[in-house]
Amino acid sequence: MDSLVRRGRHLLFDVGISLRNLIAKDYSLTGRCDFYTSRETYLAFSSSLISQRNNPIVPAVKYRMLALVEFGIFERWFKTSVPNSTVCLRPPLKYAVQNSLNLTNLWGMFVVLTGGMAASLVALVTEVLTSRGLHCYTTHYPRL
């Protein structure tokens, strides 16, 4: 995570609890939220049960494990056992910009405005020249 993902050219795809554990450890070390989890999830939960075939206790254990997941008990245990597990959970929805407005901050806007005006001028000139050419063509060569 530190060598590849921090540079911004890679991402880490793993089970949600593992990612939250890694992000919480990184936040505890640095004090910054350098990593965030996505809003979308791929794997709901990574728990499983292995037993012998036709074991009569499996349906009861499966029912109770599902209840623990649905009631959020596993999530609660994780939050209490791993400090800072929810600090960097989602990226912020709004970013506060503290810079004042000046020409160095706004030059891109003026480049886009000038480029759009230049493109529209080229389109206008092309349209006028094309319409004159078609007008001359239709006056000299009448339709059959």
# chains A, B, ... in the order shown; residues from 1 in each chain; ligands from 1

$ residues_around --residues "range 82-95 of chain A" --least-positions-apart "3" --cutoff "10 Å" --atoms "only C-alpha atoms" --output "compact mmCIF listing (two decimals) with all heavy atoms, in the first residue's frame"
# COMPACT_ATOMS: atom_id res chain seq x y z
N ILE A 17 -12.99 -5.33 5.29
CA ILE A 17 -12.42 -5.28 6.64
C ILE A 17 -10.90 -5.19 6.58
O ILE A 17 -10.29 -4.45 7.36
CB ILE A 17 -12.89 -6.51 7.46
CG1 ILE A 17 -14.34 -6.31 7.86
CG2 ILE A 17 -12.03 -6.75 8.66
CD1 ILE A 17 -14.93 -7.37 8.71
N LEU A 19 -9.12 -3.80 4.15
CA LEU A 19 -8.78 -2.45 3.72
C LEU A 19 -8.96 -1.44 4.84
O LEU A 19 -8.12 -0.56 5.05
CB LEU A 19 -9.65 -2.04 2.53
CG LEU A 19 -9.37 -2.76 1.22
CD1 LEU A 19 -10.38 -2.36 0.17
CD2 LEU A 19 -7.97 -2.49 0.76
N ARG A 20 -10.05 -1.56 5.59
CA ARG A 20 -10.28 -0.63 6.69
C ARG A 20 -9.21 -0.78 7.77
O ARG A 20 -8.79 0.20 8.38
CB ARG A 20 -11.67 -0.86 7.29
CG ARG A 20 -12.75 -0.32 6.36
CD ARG A 20 -14.12 -0.62 6.83
NE ARG A 20 -14.36 -0.11 8.17
CZ ARG A 20 -15.47 -0.32 8.84
NH1 ARG A 20 -16.44 -1.02 8.30
NH2 ARG A 20 -15.63 0.16 10.06
N ASN A 21 -8.76 -2.00 7.99
CA ASN A 21 -7.69 -2.23 8.96
C ASN A 21 -6.39 -1.58 8.50
O ASN A 21 -5.70 -0.92 9.29
CB ASN A 21 -7.51 -3.73 9.17
CG ASN A 21 -6.68 -4.05 10.38
OD1 ASN A 21 -6.38 -3.18 11.18
ND2 ASN A 21 -6.31 -5.31 10.53
N LEU A 22 -6.05 -1.73 7.22
CA LEU A 22 -4.83 -1.11 6.69
C LEU A 22 -4.90 0.42 6.73
O LEU A 22 -3.93 1.09 7.10
CB LEU A 22 -4.59 -1.56 5.25
CG LEU A 22 -4.16 -3.01 5.05
CD1 LEU A 22 -4.18 -3.38 3.58
CD2 LEU A 22 -2.78 -3.24 5.63
N ILE A 23 -6.04 0.98 6.36
CA ILE A 23 -6.21 2.43 6.38
C ILE A 23 -6.15 2.96 7.80
O ILE A 23 -5.54 4.02 8.06
CB ILE A 23 -7.53 2.83 5.67
CG1 ILE A 23 -7.42 2.52 4.18
CG2 ILE A 23 -7.86 4.29 5.90
CD1 ILE A 23 -8.72 2.67 3.43
N ALA A 24 -6.74 2.25 8.75
CA ALA A 24 -6.71 2.69 10.15
C ALA A 24 -5.28 2.67 10.70
O ALA A 24 -4.87 3.59 11.41
CB ALA A 24 -7.60 1.78 11.00
N LYS A 25 -4.51 1.65 10.33
CA LYS A 25 -3.12 1.60 10.78
C LYS A 25 -2.30 2.74 10.18
O LYS A 25 -1.49 3.36 10.86
CB LYS A 25 -2.48 0.25 10.42
CG LYS A 25 -2.96 -0.89 11.28
CD LYS A 25 -2.30 -2.19 10.86
CE LYS A 25 -2.81 -3.35 11.69
NZ LYS A 25 -2.21 -4.61 11.28
N ASP A 26 -2.54 3.04 8.90
CA ASP A 26 -1.82 4.14 8.26
C ASP A 26 -2.20 5.48 8.88
O ASP A 26 -1.34 6.32 9.11
CB ASP A 26 -2.12 4.16 6.76
CG ASP A 26 -1.32 5.23 6.03
OD1 ASP A 26 -0.08 5.05 5.96
OD2 ASP A 26 -1.91 6.21 5.58
N TYR A 27 -3.48 5.67 9.20
CA TYR A 27 -3.90 6.92 9.85
C TYR A 27 -3.28 7.04 11.24
O TYR A 27 -2.88 8.12 11.66
CB TYR A 27 -5.42 6.99 9.94
CG TYR A 27 -5.90 8.24 10.61
CD1 TYR A 27 -5.96 9.44 9.90
CD2 TYR A 27 -6.27 8.26 11.95
CE1 TYR A 27 -6.38 10.60 10.50
CE2 TYR A 27 -6.69 9.42 12.56
CZ TYR A 27 -6.75 10.58 11.83
OH TYR A 27 -7.16 11.74 12.44
N SER A 28 -3.18 5.93 11.97
CA SER A 28 -2.57 5.97 13.29
C SER A 28 -1.09 6.34 13.22
O SER A 28 -0.57 7.00 14.12
CB SER A 28 -2.73 4.61 13.99
OG SER A 28 -4.09 4.32 14.19
N GLY A 31 -1.38 10.26 10.86
CA GLY A 31 -2.31 11.30 11.29
C GLY A 31 -3.03 11.97 10.13
O GLY A 31 -3.69 12.98 10.30
N ARG A 32 -2.91 11.41 8.90
CA ARG A 32 -3.56 11.95 7.71
C ARG A 32 -4.37 10.86 7.04
O ARG A 32 -4.04 9.69 7.13
CB ARG A 32 -2.53 12.45 6.70
CG ARG A 32 -1.67 13.57 7.14
CD ARG A 32 -0.74 14.04 6.00
NE ARG A 32 -0.22 12.99 5.14
CZ ARG A 32 0.99 12.44 5.29
NH1 ARG A 32 1.78 12.82 6.27
NH2 ARG A 32 1.40 11.52 4.45
N CYS A 33 -5.42 11.28 6.33
CA CYS A 33 -6.20 10.35 5.52
C CYS A 33 -5.66 10.37 4.10
O CYS A 33 -6.08 11.17 3.28
CB CYS A 33 -7.68 10.73 5.53
SG CYS A 33 -8.51 10.41 7.07
N ASP A 34 -4.69 9.52 3.82
CA ASP A 34 -4.12 9.44 2.48
C ASP A 34 -4.88 8.44 1.60
O ASP A 34 -4.75 8.47 0.38
CB ASP A 34 -2.65 9.03 2.54
CG ASP A 34 -1.79 10.10 3.15
OD1 ASP A 34 -2.17 11.29 3.09
OD2 ASP A 34 -0.73 9.78 3.71
N PHE A 35 -5.64 7.55 2.20
CA PHE A 35 -6.36 6.52 1.46
C PHE A 35 -7.82 6.55 1.87
O PHE A 35 -8.16 6.82 3.02
CB PHE A 35 -5.79 5.13 1.76
CG PHE A 35 -4.31 5.03 1.50
CD1 PHE A 35 -3.42 4.98 2.56
CD2 PHE A 35 -3.82 4.99 0.22
CE1 PHE A 35 -2.06 4.89 2.34
CE2 PHE A 35 -2.47 4.91 -0.02
CZ PHE A 35 -1.59 4.85 1.05
N TYR A 36 -8.70 6.25 0.92
CA TYR A 36 -10.13 6.17 1.17
C TYR A 36 -10.66 4.91 0.51
O TYR A 36 -10.11 4.42 -0.47
CB TYR A 36 -10.87 7.37 0.58
CG TYR A 36 -10.54 8.68 1.26
CD1 TYR A 36 -9.71 9.60 0.65
CD2 TYR A 36 -11.08 8.98 2.49
CE1 TYR A 36 -9.42 10.80 1.26
CE2 TYR A 36 -10.79 10.18 3.10
CZ TYR A 36 -9.97 11.09 2.49
OH TYR A 36 -9.68 12.27 3.10
N THR A 37 -11.77 4.41 1.02
CA THR A 37 -12.45 3.30 0.38
C THR A 37 -13.50 3.87 -0.56
O THR A 37 -13.96 4.99 -0.41
CB THR A 37 -13.12 2.38 1.41
OG1 THR A 37 -14.05 3.15 2.18
CG2 THR A 37 -12.11 1.75 2.32
N SER A 38 -13.89 3.10 -1.55
CA SER A 38 -14.89 3.56 -2.50
C SER A 38 -16.27 3.50 -1.86
O SER A 38 -16.49 2.81 -0.87
CB SER A 38 -14.87 2.71 -3.76
OG SER A 38 -15.22 1.38 -3.44
N ARG A 39 -17.20 4.21 -2.46
CA ARG A 39 -18.57 4.19 -1.96
C ARG A 39 -19.25 2.88 -2.32
O ARG A 39 -20.15 2.43 -1.64
CB ARG A 39 -19.35 5.37 -2.52
CG ARG A 39 -18.95 6.67 -1.90
CD ARG A 39 -19.81 7.82 -2.41
NE ARG A 39 -19.42 9.04 -1.76
CZ ARG A 39 -18.45 9.84 -2.17
NH1 ARG A 39 -17.77 9.51 -3.24
NH2 ARG A 39 -18.15 10.94 -1.52
N TRP A 77 -18.00 -5.02 16.62
CA TRP A 77 -16.78 -5.61 17.17
C TRP A 77 -15.55 -5.03 16.48
O TRP A 77 -14.54 -4.76 17.11
CB TRP A 77 -16.79 -7.12 17.02
CG TRP A 77 -17.75 -7.83 17.93
CD1 TRP A 77 -18.31 -7.35 19.07
CD2 TRP A 77 -18.25 -9.15 17.75
NE1 TRP A 77 -19.13 -8.29 19.61
CE2 TRP A 77 -19.12 -9.41 18.82
CE3 TRP A 77 -18.07 -10.13 16.79
CZ2 TRP A 77 -19.78 -10.61 18.96
CZ3 TRP A 77 -18.73 -11.32 16.93
CH2 TRP A 77 -19.58 -11.56 18.00
N PHE A 78 -15.64 -4.87 15.17
CA PHE A 78 -14.50 -4.33 14.42
C PHE A 78 -14.21 -2.89 14.83
O PHE A 78 -13.07 -2.50 15.03
CB PHE A 78 -14.77 -4.41 12.92
CG PHE A 78 -13.61 -3.96 12.08
CD1 PHE A 78 -12.49 -4.77 11.94
CD2 PHE A 78 -13.62 -2.74 11.46
CE1 PHE A 78 -11.41 -4.35 11.19
CE2 PHE A 78 -12.55 -2.31 10.70
CZ PHE A 78 -11.45 -3.13 10.56
N LYS A 79 -15.25 -2.08 14.99
CA LYS A 79 -15.06 -0.68 15.37
C LYS A 79 -14.45 -0.55 16.75
O LYS A 79 -13.65 0.35 17.01
CB LYS A 79 -16.39 0.07 15.33
CG LYS A 79 -16.85 0.40 13.94
CD LYS A 79 -18.17 1.14 13.97
CE LYS A 79 -18.67 1.41 12.58
NZ LYS A 79 -19.99 2.09 12.60
N GLN A 98 -8.89 27.29 -0.05
CA GLN A 98 -8.55 28.47 0.73
C GLN A 98 -7.76 29.51 -0.06
O GLN A 98 -7.34 30.50 0.48
CB GLN A 98 -7.72 28.04 1.96
CG GLN A 98 -8.43 27.06 2.87
CD GLN A 98 -9.66 27.65 3.53
OE1 GLN A 98 -9.71 28.84 3.79
NE2 GLN A 98 -10.66 26.83 3.77

$ select_by_dssp --residues "chain A" --states "helix (DSSP H, G or I)" --output "ChimeraX atom specification"
/A:16-30,58-70,73-81,103-140
